[in-house]
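Printed here is work-v8.pdb (PDB, C-alpha atoms and all ligand atoms):
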ATOM      1  CA  MET A   1       0.000   0.000   0.000
ATOM      2  CA  PRO A   2       1.453   3.432  -0.933
ATOM      3  CA  LEU A   3       1.357   6.442   1.402
ATOM      4  CA  VAL A   4      -2.257   7.418   2.083
ATOM      5  CA  THR A   5      -3.952  10.749   2.808
ATOM      6  CA  THR A   6      -5.739  11.390   6.089
ATOM      7  CA  LYS A   7      -9.200  11.469   4.480
ATOM      8  CA  LYS A   8     -10.295   7.903   5.129
ATOM      9  CA  MET A   9      -8.386   7.797   8.420
ATOM     10  CA  PHE A  10     -10.450  10.664   9.768
ATOM     11  CA  GLU A  11     -13.772   9.371   8.399
ATOM     12  CA  LYS A  12     -13.210   6.059  10.171
ATOM     13  CA  ALA A  13     -11.802   7.617  13.329
ATOM     14  CA  TYR A  14     -14.743  10.011  13.628
ATOM     15  CA  ALA A  15     -17.315   7.273  13.150
ATOM     16  CA  GLY A  16     -15.456   4.866  15.422
ATOM     17  CA  GLY A  17     -14.776   7.242  18.323
ATOM     18  CA  TYR A  18     -11.021   6.930  18.153
ATOM     19  CA  ALA A  19      -8.108   9.118  17.035
ATOM     20  CA  ILE A  20      -5.092   8.584  14.803
ATOM     21  CA  GLY A  21      -1.713   9.241  16.414
ATOM     22  CA  ALA A  22       0.396  11.826  14.600
ATOM     23  CA  PHE A  23       3.985  11.267  15.632
ATOM     24  CA  ASN A  24       6.816  13.696  14.883
ATOM     25  CA  VAL A  25       9.826  12.083  13.240
ATOM     26  CA  ASN A  26      13.397  13.307  13.141
ATOM     27  CA  ASN A  27      15.563  10.205  12.724
ATOM     28  CA  MET A  28      15.577   6.576  11.671
ATOM     29  CA  GLU A  29      15.302   5.033  15.127
ATOM     30  CA  THR A  30      12.159   6.983  15.987
ATOM     31  CA  ILE A  31      10.516   6.082  12.675
ATOM     32  CA  GLN A  32      11.372   2.412  13.199
ATOM     33  CA  ALA A  33      10.041   2.476  16.760
ATOM     34  CA  ILE A  34       6.693   4.053  15.789
ATOM     35  CA  VAL A  35       6.233   1.772  12.808
ATOM     36  CA  GLU A  36       7.175  -1.350  14.788
ATOM     37  CA  ALA A  37       4.544  -0.373  17.366
ATOM     38  CA  GLY A  38       2.035   0.200  14.551
ATOM     39  CA  LYS A  39       2.799  -3.243  13.132
ATOM     40  CA  LEU A  40       2.400  -4.961  16.499
ATOM     41  CA  GLU A  41      -0.906  -3.184  17.098
ATOM     42  CA  ASN A  42      -2.111  -3.142  13.496
ATOM     43  CA  ALA A  43      -2.729   0.608  13.656
ATOM     44  CA  PRO A  44      -2.892   3.341  11.013
ATOM     45  CA  LEU A  45      -0.225   6.008  11.508
ATOM     46  CA  ILE A  46       0.505   9.618  10.672
ATOM     47  CA  LEU A  47       4.218  10.420  10.565
ATOM     48  CA  GLN A  48       4.780  14.148  10.620
ATOM     49  CA  VAL A  49       7.740  16.321   9.777
ATOM     50  CA  SER A  50       8.182  19.793  11.274
ATOM     51  CA  ALA A  51      10.269  22.616   9.832
ATOM     52  CA  GLY A  52      12.802  21.818  12.572
ATOM     53  CA  ALA A  53      12.915  18.177  11.457
ATOM     54  CA  ARG A  54      13.481  19.280   7.853
ATOM     55  CA  ARG A  55      16.443  21.375   8.935
ATOM     56  CA  TYR A  56      17.863  18.647  11.170
ATOM     57  CA  ALA A  57      17.507  15.620   8.925
ATOM     58  CA  ASN A  58      16.863  16.948   5.393
ATOM     59  CA  PRO A  59      13.343  16.189   4.068
ATOM     60  CA  THR A  60      14.678  13.821   1.394
ATOM     61  CA  TYR A  61      16.166  11.517   4.022
ATOM     62  CA  LEU A  62      12.991  11.579   6.086
ATOM     63  CA  LYS A  63      10.813  10.932   3.047
ATOM     64  CA  LYS A  64      12.936   7.924   2.033
ATOM     65  CA  LEU A  65      12.884   6.548   5.591
ATOM     66  CA  VAL A  66       9.110   6.864   5.668
ATOM     67  CA  GLU A  67       8.877   5.131   2.280
ATOM     68  CA  ALA A  68      10.975   2.317   3.733
ATOM     69  CA  ALA A  69       8.554   2.137   6.661
ATOM     70  CA  VAL A  70       5.624   1.817   4.252
ATOM     71  CA  ILE A  71       7.338  -1.047   2.386
ATOM     72  CA  ASP A  72       8.413  -2.766   5.578
ATOM     73  CA  SER A  73       5.081  -2.510   7.387
ATOM     74  CA  GLY A  74       2.329  -2.552   4.752
ATOM     75  CA  LEU A  75       0.423  -0.247   7.120
ATOM     76  CA  PRO A  76      -1.690   2.729   6.032
ATOM     77  CA  ILE A  77       0.693   5.615   6.723
ATOM     78  CA  ALA A  78       0.209   9.316   5.931
ATOM     79  CA  LEU A  79       3.237  11.581   5.579
ATOM     80  CA  HIS A  80       2.263  14.965   6.971
ATOM     81  CA  LEU A  81       3.916  18.389   7.089
ATOM     82  CA  ASP A  82       3.591  19.703  10.649
ATOM     83  CA  HIS A  83       3.136  23.472  11.163
ATOM     84  CA  GLY A  84       3.809  24.577   7.604
ATOM     85  CA  ASN A  85       4.079  28.336   8.034
ATOM     86  CA  SER A  86       3.787  29.460   4.406
ATOM     87  CA  PHE A  87       2.242  28.530   1.080
ATOM     88  CA  GLU A  88       5.752  27.941  -0.304
ATOM     89  CA  LEU A  89       6.664  25.403   2.397
ATOM     90  CA  CYS A  90       3.383  23.544   1.926
ATOM     91  CA  LYS A  91       3.854  23.567  -1.854
ATOM     92  CA  ASP A  92       7.348  22.144  -1.490
ATOM     93  CA  ALA A  93       6.060  19.309   0.718
ATOM     94  CA  ILE A  94       3.192  18.568  -1.694
ATOM     95  CA  ASP A  95       5.553  18.618  -4.701
ATOM     96  CA  ASN A  96       7.798  16.171  -2.855
ATOM     97  CA  GLY A  97       5.189  13.545  -2.144
ATOM     98  CA  PHE A  98       3.730  14.453   1.254
ATOM     99  CA  THR A  99       0.129  13.213   1.367
ATOM    100  CA  SER A 100      -1.046  15.749   3.935
ATOM    101  CA  VAL A 101       0.039  19.237   4.995
ATOM    102  CA  MET A 102      -0.726  21.613   7.800
ATOM    103  CA  ILE A 103      -0.868  25.287   6.983
ATOM    104  CA  ASP A 104      -0.468  27.075  10.282
ATOM    105  CA  ALA A 105      -1.385  30.684   9.627
ATOM    106  CA  SER A 106      -2.992  31.003  13.056
ATOM    107  CA  LYS A 107      -0.676  33.827  14.048
ATOM    108  CA  TYR A 108      -2.301  36.084  11.435
ATOM    109  CA  PRO A 109      -5.653  37.876  11.739
ATOM    110  CA  LEU A 110      -8.644  35.778  10.654
ATOM    111  CA  GLU A 111      -8.940  37.144   7.091
ATOM    112  CA  GLU A 112      -5.222  36.601   6.414
ATOM    113  CA  ASN A 113      -5.378  33.097   7.898
ATOM    114  CA  ILE A 114      -8.318  32.346   5.585
ATOM    115  CA  ARG A 115      -6.528  33.797   2.538
ATOM    116  CA  ILE A 116      -3.335  31.742   3.036
ATOM    117  CA  THR A 117      -5.208  28.567   3.980
ATOM    118  CA  GLU A 118      -7.486  28.827   0.927
ATOM    119  CA  LYS A 119      -4.460  29.100  -1.348
ATOM    120  CA  VAL A 120      -2.843  25.986   0.157
ATOM    121  CA  VAL A 121      -6.122  24.047   0.000
ATOM    122  CA  GLU A 122      -6.568  24.865  -3.685
ATOM    123  CA  TYR A 123      -3.038  23.713  -4.541
ATOM    124  CA  ALA A 124      -3.255  20.612  -2.328
ATOM    125  CA  HIS A 125      -6.693  19.419  -3.418
ATOM    126  CA  GLU A 126      -5.766  19.643  -7.098
ATOM    127  CA  ARG A 127      -3.027  17.130  -6.250
ATOM    128  CA  GLY A 128      -5.044  14.838  -3.964
ATOM    129  CA  VAL A 129      -3.410  16.055  -0.749
ATOM    130  CA  THR A 130      -5.354  16.768   2.471
ATOM    131  CA  VAL A 131      -4.956  20.004   4.444
ATOM    132  CA  GLU A 132      -5.054  20.744   8.174
ATOM    133  CA  ALA A 133      -5.482  24.372   9.239
ATOM    134  CA  GLU A 134      -5.443  26.083  12.639
ATOM    135  CA  LEU A 135      -7.680  28.585  14.412
ATOM    136  CA  GLY A 136      -6.633  29.913  17.806
ATOM    137  CA  LYS A 137      -3.096  30.008  19.178
ATOM    138  CA  LEU A 138      -1.408  27.358  21.295
ATOM    139  CA  ALA A 139       1.250  28.317  23.785
ATOM    140  CA  GLY A 140       4.576  26.613  23.259
ATOM    141  CA  ILE A 141       8.295  26.984  23.139
ATOM    142  CA  GLU A 142       9.244  24.867  20.153
ATOM    143  CA  ASP A 143      11.675  26.179  17.538
ATOM    144  CA  ASP A 144       9.169  27.102  14.894
ATOM    145  CA  VAL A 145       6.108  27.276  17.056
ATOM    146  CA  ASN A 146       7.230  30.142  19.174
ATOM    147  CA  VAL A 147       4.195  31.459  20.981
ATOM    148  CA  ALA A 148       4.522  32.937  24.448
ATOM    149  CA  ASP A 149       1.914  31.917  27.030
ATOM    150  CA  GLU A 150       0.443  35.407  27.139
ATOM    151  CA  ASP A 151      -0.074  35.386  23.336
ATOM    152  CA  SER A 152      -1.981  32.125  23.275
ATOM    153  CA  THR A 153      -5.730  32.321  22.715
ATOM    154  CA  PHE A 154      -8.451  29.716  22.792
ATOM    155  CA  THR A 155     -10.243  29.034  19.538
ATOM    156  CA  ASN A 156     -13.351  31.182  19.162
ATOM    157  CA  PRO A 157     -16.168  28.760  18.221
ATOM    158  CA  ASP A 158     -18.004  31.621  16.504
ATOM    159  CA  GLU A 159     -15.294  31.664  13.834
ATOM    160  CA  VAL A 160     -14.970  27.988  12.996
ATOM    161  CA  TYR A 161     -17.934  27.554  10.651
ATOM    162  CA  GLU A 162     -16.988  30.512   8.490
ATOM    163  CA  PHE A 163     -13.321  29.486   8.507
ATOM    164  CA  VAL A 164     -13.955  25.906   7.425
ATOM    165  CA  SER A 165     -16.595  26.723   4.813
ATOM    166  CA  ARG A 166     -14.529  29.477   3.244
ATOM    167  CA  THR A 167     -11.201  27.620   3.232
ATOM    168  CA  ASN A 168     -12.508  24.107   2.510
ATOM    169  CA  CYS A 169      -9.763  22.652   4.724
ATOM    170  CA  ASP A 170     -10.029  18.950   5.609
ATOM    171  CA  SER A 171      -9.356  19.184   9.349
ATOM    172  CA  LEU A 172      -8.937  21.906  11.924
ATOM    173  CA  ALA A 173      -6.507  22.259  14.823
ATOM    174  CA  ILE A 174      -8.086  24.112  17.730
ATOM    175  CA  ALA A 175      -6.688  25.612  20.917
ATOM    176  CA  ILE A 176      -8.486  24.322  24.024
ATOM    177  CA  GLY A 177      -5.681  24.532  26.574
ATOM    178  CA  THR A 178      -3.004  22.172  25.284
ATOM    179  CA  SER A 179       0.449  23.550  24.492
ATOM    180  CA  HIS A 180       3.663  22.343  22.922
ATOM    181  CA  GLY A 181       6.563  20.972  24.948
ATOM    182  CA  ALA A 182       6.938  19.278  28.333
ATOM    183  CA  TYR A 183       5.642  22.075  30.610
ATOM    184  CA  LYS A 184       1.987  22.402  29.777
ATOM    185  CA  PHE A 185       0.284  23.330  33.031
ATOM    186  CA  LYS A 186       1.471  25.261  36.057
ATOM    187  CA  GLY A 187      -1.440  24.065  38.206
ATOM    188  CA  GLU A 188      -4.021  21.357  37.577
ATOM    189  CA  PRO A 189      -4.396  20.289  33.938
ATOM    190  CA  ARG A 190      -7.551  21.735  32.417
ATOM    191  CA  LEU A 191      -8.899  21.514  28.871
ATOM    192  CA  ARG A 192     -11.813  23.546  27.518
ATOM    193  CA  PHE A 193     -14.068  20.668  26.529
ATOM    194  CA  ASP A 194     -16.899  23.198  26.312
ATOM    195  CA  ILE A 195     -15.172  24.759  23.283
ATOM    196  CA  LEU A 196     -14.667  21.343  21.696
ATOM    197  CA  GLU A 197     -18.357  20.550  22.229
ATOM    198  CA  LYS A 198     -19.446  23.804  20.600
ATOM    199  CA  VAL A 199     -17.140  23.210  17.622
ATOM    200  CA  GLU A 200     -18.462  19.674  17.292
ATOM    201  CA  LYS A 201     -22.044  20.943  17.111
ATOM    202  CA  LEU A 202     -21.197  23.666  14.614
ATOM    203  CA  LEU A 203     -19.213  21.334  12.369
ATOM    204  CA  PRO A 204     -20.902  17.929  12.438
ATOM    205  CA  ASN A 205     -18.628  15.066  11.299
ATOM    206  CA  PHE A 206     -15.697  17.412  10.805
ATOM    207  CA  PRO A 207     -12.298  16.139  12.069
ATOM    208  CA  ILE A 208     -10.621  18.185  14.789
ATOM    209  CA  VAL A 209      -6.905  18.046  15.610
ATOM    210  CA  LEU A 210      -5.252  18.366  18.998
ATOM    211  CA  HIS A 211      -1.708  19.707  19.045
ATOM    212  CA  GLY A 212       0.465  19.742  22.145
ATOM    213  CA  ALA A 213      -1.091  16.491  23.275
ATOM    214  CA  SER A 214       1.812  14.705  24.946
ATOM    215  CA  SER A 215       1.121  13.320  28.414
ATOM    216  CA  VAL A 216       4.672  13.821  29.720
ATOM    217  CA  PRO A 217       4.595  10.512  31.636
ATOM    218  CA  GLU A 218       6.040  10.728  35.139
ATOM    219  CA  ASN A 219       8.059   7.551  34.713
ATOM    220  CA  TYR A 220      10.175   9.014  31.881
ATOM    221  CA  VAL A 221      10.630  12.359  33.621
ATOM    222  CA  GLY A 222      11.607  10.413  36.762
ATOM    223  CA  ILE A 223      14.253   8.386  34.908
ATOM    224  CA  ILE A 224      15.625  11.534  33.260
ATOM    225  CA  ASN A 225      15.884  13.285  36.628
ATOM    226  CA  GLN A 226      17.387  10.184  38.258
ATOM    227  CA  TYR A 227      20.158   9.881  35.678
ATOM    228  CA  GLY A 228      21.492  13.414  35.562
ATOM    229  CA  GLY A 229      18.684  15.311  33.865
ATOM    230  CA  SER A 230      16.721  18.209  35.271
ATOM    231  CA  MET A 231      13.080  18.639  34.331
ATOM    232  CA  PRO A 232      11.326  20.004  37.412
ATOM    233  CA  GLY A 233       7.644  20.791  36.945
ATOM    234  CA  ALA A 234       7.270  18.895  33.663
ATOM    235  CA  LYS A 235       3.578  18.147  33.152
ATOM    236  CA  GLY A 236       1.398  16.967  30.269
ATOM    237  CA  VAL A 237      -2.192  16.283  29.293
ATOM    238  CA  PRO A 238      -3.683  13.441  31.369
ATOM    239  CA  GLU A 239      -4.381  10.363  29.283
ATOM    240  CA  GLU A 240      -8.042  10.202  30.273
ATOM    241  CA  MET A 241      -8.587  13.696  28.821
ATOM    242  CA  LEU A 242      -7.065  12.591  25.524
ATOM    243  CA  ARG A 243      -9.213   9.453  25.533
ATOM    244  CA  LYS A 244     -12.298  11.611  26.071
ATOM    245  CA  ALA A 245     -11.270  13.963  23.239
ATOM    246  CA  ALA A 246     -10.720  10.958  20.945
ATOM    247  CA  THR A 247     -14.290   9.770  21.533
ATOM    248  CA  MET A 248     -15.469  13.258  20.542
ATOM    249  CA  ALA A 249     -14.592  15.099  17.296
ATOM    250  CA  VAL A 250     -10.827  14.850  17.775
ATOM    251  CA  CYS A 251      -9.487  12.538  15.056
ATOM    252  CA  LYS A 252      -5.756  13.410  15.156
ATOM    253  CA  ILE A 253      -3.649  13.669  18.297
ATOM    254  CA  ASN A 254      -0.143  15.106  17.930
ATOM    255  CA  ILE A 255       2.677  13.576  19.945
ATOM    256  CA  ASP A 256       6.270  14.711  19.879
ATOM    257  CA  SER A 257       7.474  15.488  23.406
ATOM    258  CA  ASP A 258       6.597  12.004  24.707
ATOM    259  CA  LEU A 259       8.783  10.464  21.988
ATOM    260  CA  ARG A 260      11.655  12.703  23.059
ATOM    261  CA  LEU A 261      11.142  11.857  26.728
ATOM    262  CA  ALA A 262      11.074   8.095  26.198
ATOM    263  CA  PHE A 263      14.131   8.283  23.934
ATOM    264  CA  THR A 264      16.091  10.535  26.293
ATOM    265  CA  ALA A 265      15.207   8.572  29.441
ATOM    266  CA  ALA A 266      16.489   5.329  27.897
ATOM    267  CA  ILE A 267      19.720   6.927  26.644
ATOM    268  CA  ARG A 268      20.474   8.575  29.978
ATOM    269  CA  LYS A 269      19.855   5.350  31.865
ATOM    270  CA  TYR A 270      21.905   3.239  29.476
ATOM    271  CA  LEU A 271      24.918   5.539  29.435
ATOM    272  CA  ALA A 272      24.857   6.029  33.208
ATOM    273  CA  GLU A 273      24.811   2.265  33.724
ATOM    274  CA  ASN A 274      27.360   1.530  31.008
ATOM    275  CA  PRO A 275      29.915   4.345  31.200
ATOM    276  CA  SER A 276      32.485   2.585  29.040
ATOM    277  CA  HIS A 277      30.182   1.909  26.074
ATOM    278  CA  PHE A 278      30.538   4.094  23.013
ATOM    279  CA  ASP A 279      28.955   2.073  20.210
ATOM    280  CA  LEU A 280      25.898   4.144  19.286
ATOM    281  CA  ARG A 281      23.898   1.033  18.447
ATOM    282  CA  GLN A 282      24.189  -0.036  22.069
ATOM    283  CA  TYR A 283      22.435   3.054  23.423
ATOM    284  CA  LEU A 284      20.156   3.846  20.494
ATOM    285  CA  GLY A 285      18.769   0.287  20.603
ATOM    286  CA  PRO A 286      17.210   0.667  24.089
ATOM    287  CA  SER A 287      15.918   4.123  23.125
ATOM    288  CA  ARG A 288      14.192   2.707  20.080
ATOM    289  CA  GLU A 289      12.683  -0.020  22.261
ATOM    290  CA  ALA A 290      11.446   2.532  24.833
ATOM    291  CA  VAL A 291       9.760   4.631  22.139
ATOM    292  CA  LYS A 292       8.163   1.519  20.652
ATOM    293  CA  GLU A 293       6.615   0.496  23.987
ATOM    294  CA  MET A 294       5.431   4.041  24.668
ATOM    295  CA  VAL A 295       3.755   4.253  21.252
ATOM    296  CA  ARG A 296       2.107   0.841  21.682
ATOM    297  CA  HIS A 297       0.615   2.045  24.932
ATOM    298  CA  LYS A 298      -0.756   5.166  23.225
ATOM    299  CA  LEU A 299      -2.244   3.242  20.304
ATOM    300  CA  VAL A 300      -4.065   0.818  22.585
ATOM    301  CA  ASN A 301      -4.975   2.844  25.680
ATOM    302  CA  VAL A 302      -5.129   6.482  24.613
ATOM    303  CA  LEU A 303      -5.887   6.786  20.903
ATOM    304  CA  GLY A 304      -8.001   3.646  20.580
ATOM    305  CA  CYS A 305      -6.747   3.009  17.023
ATOM    306  CA  ALA A 306      -5.126  -0.381  17.645
ATOM    307  CA  GLY A 307      -6.498  -3.019  15.284
ATOM    308  CA  LYS A 308      -7.964  -0.388  12.937
ATOM    309  CA  ALA A 309      -5.456  -0.527  10.062
ATOM    310  CA  HIS A 310      -7.758  -2.747   7.975
ATOM    311  CA  GLU A 311     -10.506  -0.083   8.127
ATOM    312  CA  MET A 312      -8.382   2.132   5.852
ATOM    313  CA  LEU A 313      -8.286  -0.365   2.957
TER     314      LEU A 313
HETATM  315  O1  LIG A 401       4.758  21.277  17.090
HETATM  316  C1  LIG A 401       5.911  21.189  17.431
HETATM  317  C2  LIG A 401       6.645  19.921  17.323
HETATM  318  O2  LIG A 401       6.913  19.409  18.584
HETATM  319  C3  LIG A 401       7.868  20.093  16.468
HETATM  320  O3  LIG A 401       8.912  20.636  17.177
HETATM  321  O4  LIG A 401       9.907  22.346  15.647
HETATM  322  O5  LIG A 401      11.225  21.328  17.537
HETATM  323  O6  LIG A 401      10.650  19.982  15.513
HETATM  324  P1  LIG A 401      10.257  21.119  16.407
HETATM  325  P1  LIG A 402       3.769  17.873  22.155
HETATM  326  O1  LIG A 402       4.884  18.833  22.404
HETATM  327  O2  LIG A 402       2.737  17.910  23.229
HETATM  328  O3  LIG A 402       4.246  16.479  21.908
HETATM  329  O4  LIG A 402       2.993  18.358  20.820
HETATM  330  C1  LIG A 402       3.488  18.027  19.548
HETATM  331  C2  LIG A 402       2.776  18.723  18.457
HETATM  332  O5  LIG A 402       1.740  19.332  18.619
HETATM  333  C3  LIG A 402       3.384  18.672  17.134
HETATM  334  O6  LIG A 402       2.733  19.463  16.202
HETATM  335 ZN    ZN A 403       1.879  21.254  17.000
END

Can you give me the file's structure in the form of structure tokens?
Ligand code: G3H
Ligand code: 13P
Ligand code: ZN
Amino acid sequence: MPLVTTKKMFEKAYAGGYAIGAFNVNNMETIQAIVEAGKLENAPLILQVSAGARRYANPTYLKKLVEAAVIDSGLPIALHLDHGNSFELCKDAIDNGFTSVMIDASKYPLEENIRITEKVVEYAHERGVTVEAELGKLAGIEDDVNVADEDSTFTNPDEVYEFVSRTNCDSLAIAIGTSHGAYKFKGEPRLRFDILEKVEKLLPNFPIVLHGASSVPENYVGIINQYGGSMPGAKGVPEEMLRKAATMAVCKINIDSDLRLAFTAAIRKYLAENPSHFDLRQYLGPSREAVKEMVRHKLVNVLGCAGKAHEML
């Protein structure tokens, strides 16, 4: 099966009350870990590439690694551009075989966001590619997603219908209290499910995307802190909130930080326990294994998409 778009994935996920995991990829080991987990759990997958990943690994390498994953696994896999910040970047991804792109023009005023999104949608749809757009601003401290807490704003449900009907985008990322990175909440975690409910009513059957949806599991943060790291106050979105969102209109749940945490925890532990080892395969192997187990857990217990690969045929 070649790379697929997200169209059928989202139709099935919406109807079935589950979500597809969208995992950020930056290197071979992470791709192998996610795809191995997908194989073991027979799950559809979205592998997504950020602008930072393009700079780090070169999009051609990532594309070829993802193609290898498709051949190796036979799973339905979509290759998605994460946080494309311009028409040109989205066009480049589409021209180079990505099956899905995100145009993130959420930092612009509504009319400008609509104008840029419309342009990407027109180009993408002519080429059979699906488009995710964003309304509202998430807080976060990632390289290319640099929004300060005070600049973040929840999605205004009054704008979603007009935005989606005018742009014709295929899915919409909304801001309901999640944020990028490993420090999502200062106090108790809280998501604005009331906004999600309103959006769901205004846009029946329309797939919603949740960014910044890592759970920042305590066990990985604990291992990192135990073996020389320092991540005080790291906190993520509780798994039960994600599960609830997945039974609602949320069809795509973005996970990057949890991959980094699992990978880093395993490397720190391995190197601390084996100070004389310097063969990279020795410490990257356990990291790959840790990411695989973490992703399996998500597919089964959080996203609910385990065993659903056949639905995409
Ligand atoms: O949405 C943000 C992702 O975690 C990507 O982060 O820009 O550091 O690759 P990055
Ligand atoms: P996390 O930082 O919560 O993993 O979010 C990743 C993301 O939204 C990628 O677009
Ligand atoms: Zn994001």

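Running the PyMOL selection byres (((not hetatm)) within 9 of (chain A and resi 403)) on this file leaves Ser50, Asp82, His83, Leu138, Gly140, Glu142, Val145, Ala173, Ser179, His180, Leu210, His211, Gly212, Ala213, Asn254, Ile255 and Asp256 of chain A selected.
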
* To do: Rounded to one decimal place, report the atom CA of A:Ala51-atom CA of A:Ala182 distance in Å.
  =>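 A separation of 19.1 Å between them.
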
* For the file shown, report as an NGL selection string the outcome of the PyMOL selection byres (((chain A and resi 297) around 12) and not hetatm) at residue level. => :A and (21 or 34 or 37-38 or 40-41 or 43 or 215 or 217 or 239 or 258 or 290-296 or 298-306)

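Atom pair atom CA of A:Arg190 / atom CA of A:Thr264: separated by 26.9 Å.
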
* 8 Å contact set for stretch 240-252 of chain A, only C-alpha atoms, chain neighbours under 2 positions out, as a PyMOL selection string -> chain A and resi 10+13-14+16-22+191+193+196+200+205-210+213+237-238+254+301-304

* Please write as JSON, numbers by chain the full residue list that the PyMOL selection byres (((chain A and resi 67) around 12) and not hetatm) yields on this file. => {"A": [1, 2, 3, 4, 28, 31, 32, 35, 47, 60, 61, 62, 63, 64, 65, 66, 68, 69, 70, 71, 72, 73, 74, 75, 76, 77, 78, 79, 97, 98, 99]}

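Restricting the calculation to only C-alpha atoms and all ligand atoms, the smallest distance between ligand LIG 402 (chain A) and any of A:Met9, A:Val25, A:Ala265, A:Ile94 is found for A:Val25.
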
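Counting from atom CA of A:Thr117, the distance to atom CA of A:Asp104 is 8.0 Å.
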
* Do you know which residues are at most 8 Å from stretch 160-164 of chain A counting all atoms listed in the file, after dropping those on the same chain fewer than 4 positions away, and could you put them as a PyMOL selection string? -> chain A and resi 114+135+156+168-169+172+199+202-203

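Considering the residues A:Gly136, A:Ile195, A:Leu259, A:Glu112 and counting all atoms listed in the file, ligand LIG 401 (chain A) has its shortest atom-to-atom contact with A:Leu259.
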
* **Among the residues A:Ser230, A:Asn26, A:Ser100, A:Ser171, the one that comes closest to ligand LIG 401 (chain A) [using only C-alpha atoms and all ligand atoms]** => A:Asn26

Quick one: axis-aligned box around all listed atoms of ligand LIG 402 (chain A), 6 Å on every side, centre and edge lengths in Å to one decimal, written as lines of an AutoDock Vina configuration file.
center_x = 3.3
center_y = 18.0
center_z = 19.7
size_x = 15.1
size_y = 15.0
size_z = 19.0

Identify, on the basis of only C-alpha atoms, every residue whose closest approach to A:Asp170 does not exceed 9 Å; exclude the query and any residue fewer than 4 positions from it along the same chain; express the result as a PDB file with C-alpha atoms, keeping the file's coordinate frame.
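What ended up in selection.pdb:
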ATOM      1  CA  THR A   6      -5.739  11.390   6.089  1.00  0.00           C
ATOM      2  CA  LYS A   7      -9.200  11.469   4.480  1.00  0.00           C
ATOM      3  CA  VAL A 121      -6.122  24.047   0.000  1.00  0.00           C
ATOM      4  CA  THR A 130      -5.354  16.768   2.471  1.00  0.00           C
ATOM      5  CA  VAL A 131      -4.956  20.004   4.444  1.00  0.00           C
ATOM      6  CA  GLU A 132      -5.054  20.744   8.174  1.00  0.00           C
ATOM      7  CA  ALA A 133      -5.482  24.372   9.239  1.00  0.00           C
ATOM      8  CA  VAL A 164     -13.955  25.906   7.425  1.00  0.00           C
ATOM      9  CA  PHE A 206     -15.697  17.412  10.805  1.00  0.00           C
ATOM     10  CA  PRO A 207     -12.298  16.139  12.069  1.00  0.00           C
TER      11      PRO A 207
END

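Closest approach to A:Leu261 among A:Ala15, A:Ile223, A:Ala93, A:Leu313: A:Ile223, based on only C-alpha atoms.
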
* Structure fact -> One residue among A:Gly177, A:Gly128, A:Pro275, A:Gly236 is nearest to ligand LIG 402 (chain A) when using all atoms listed in the file, and that residue is A:Gly236
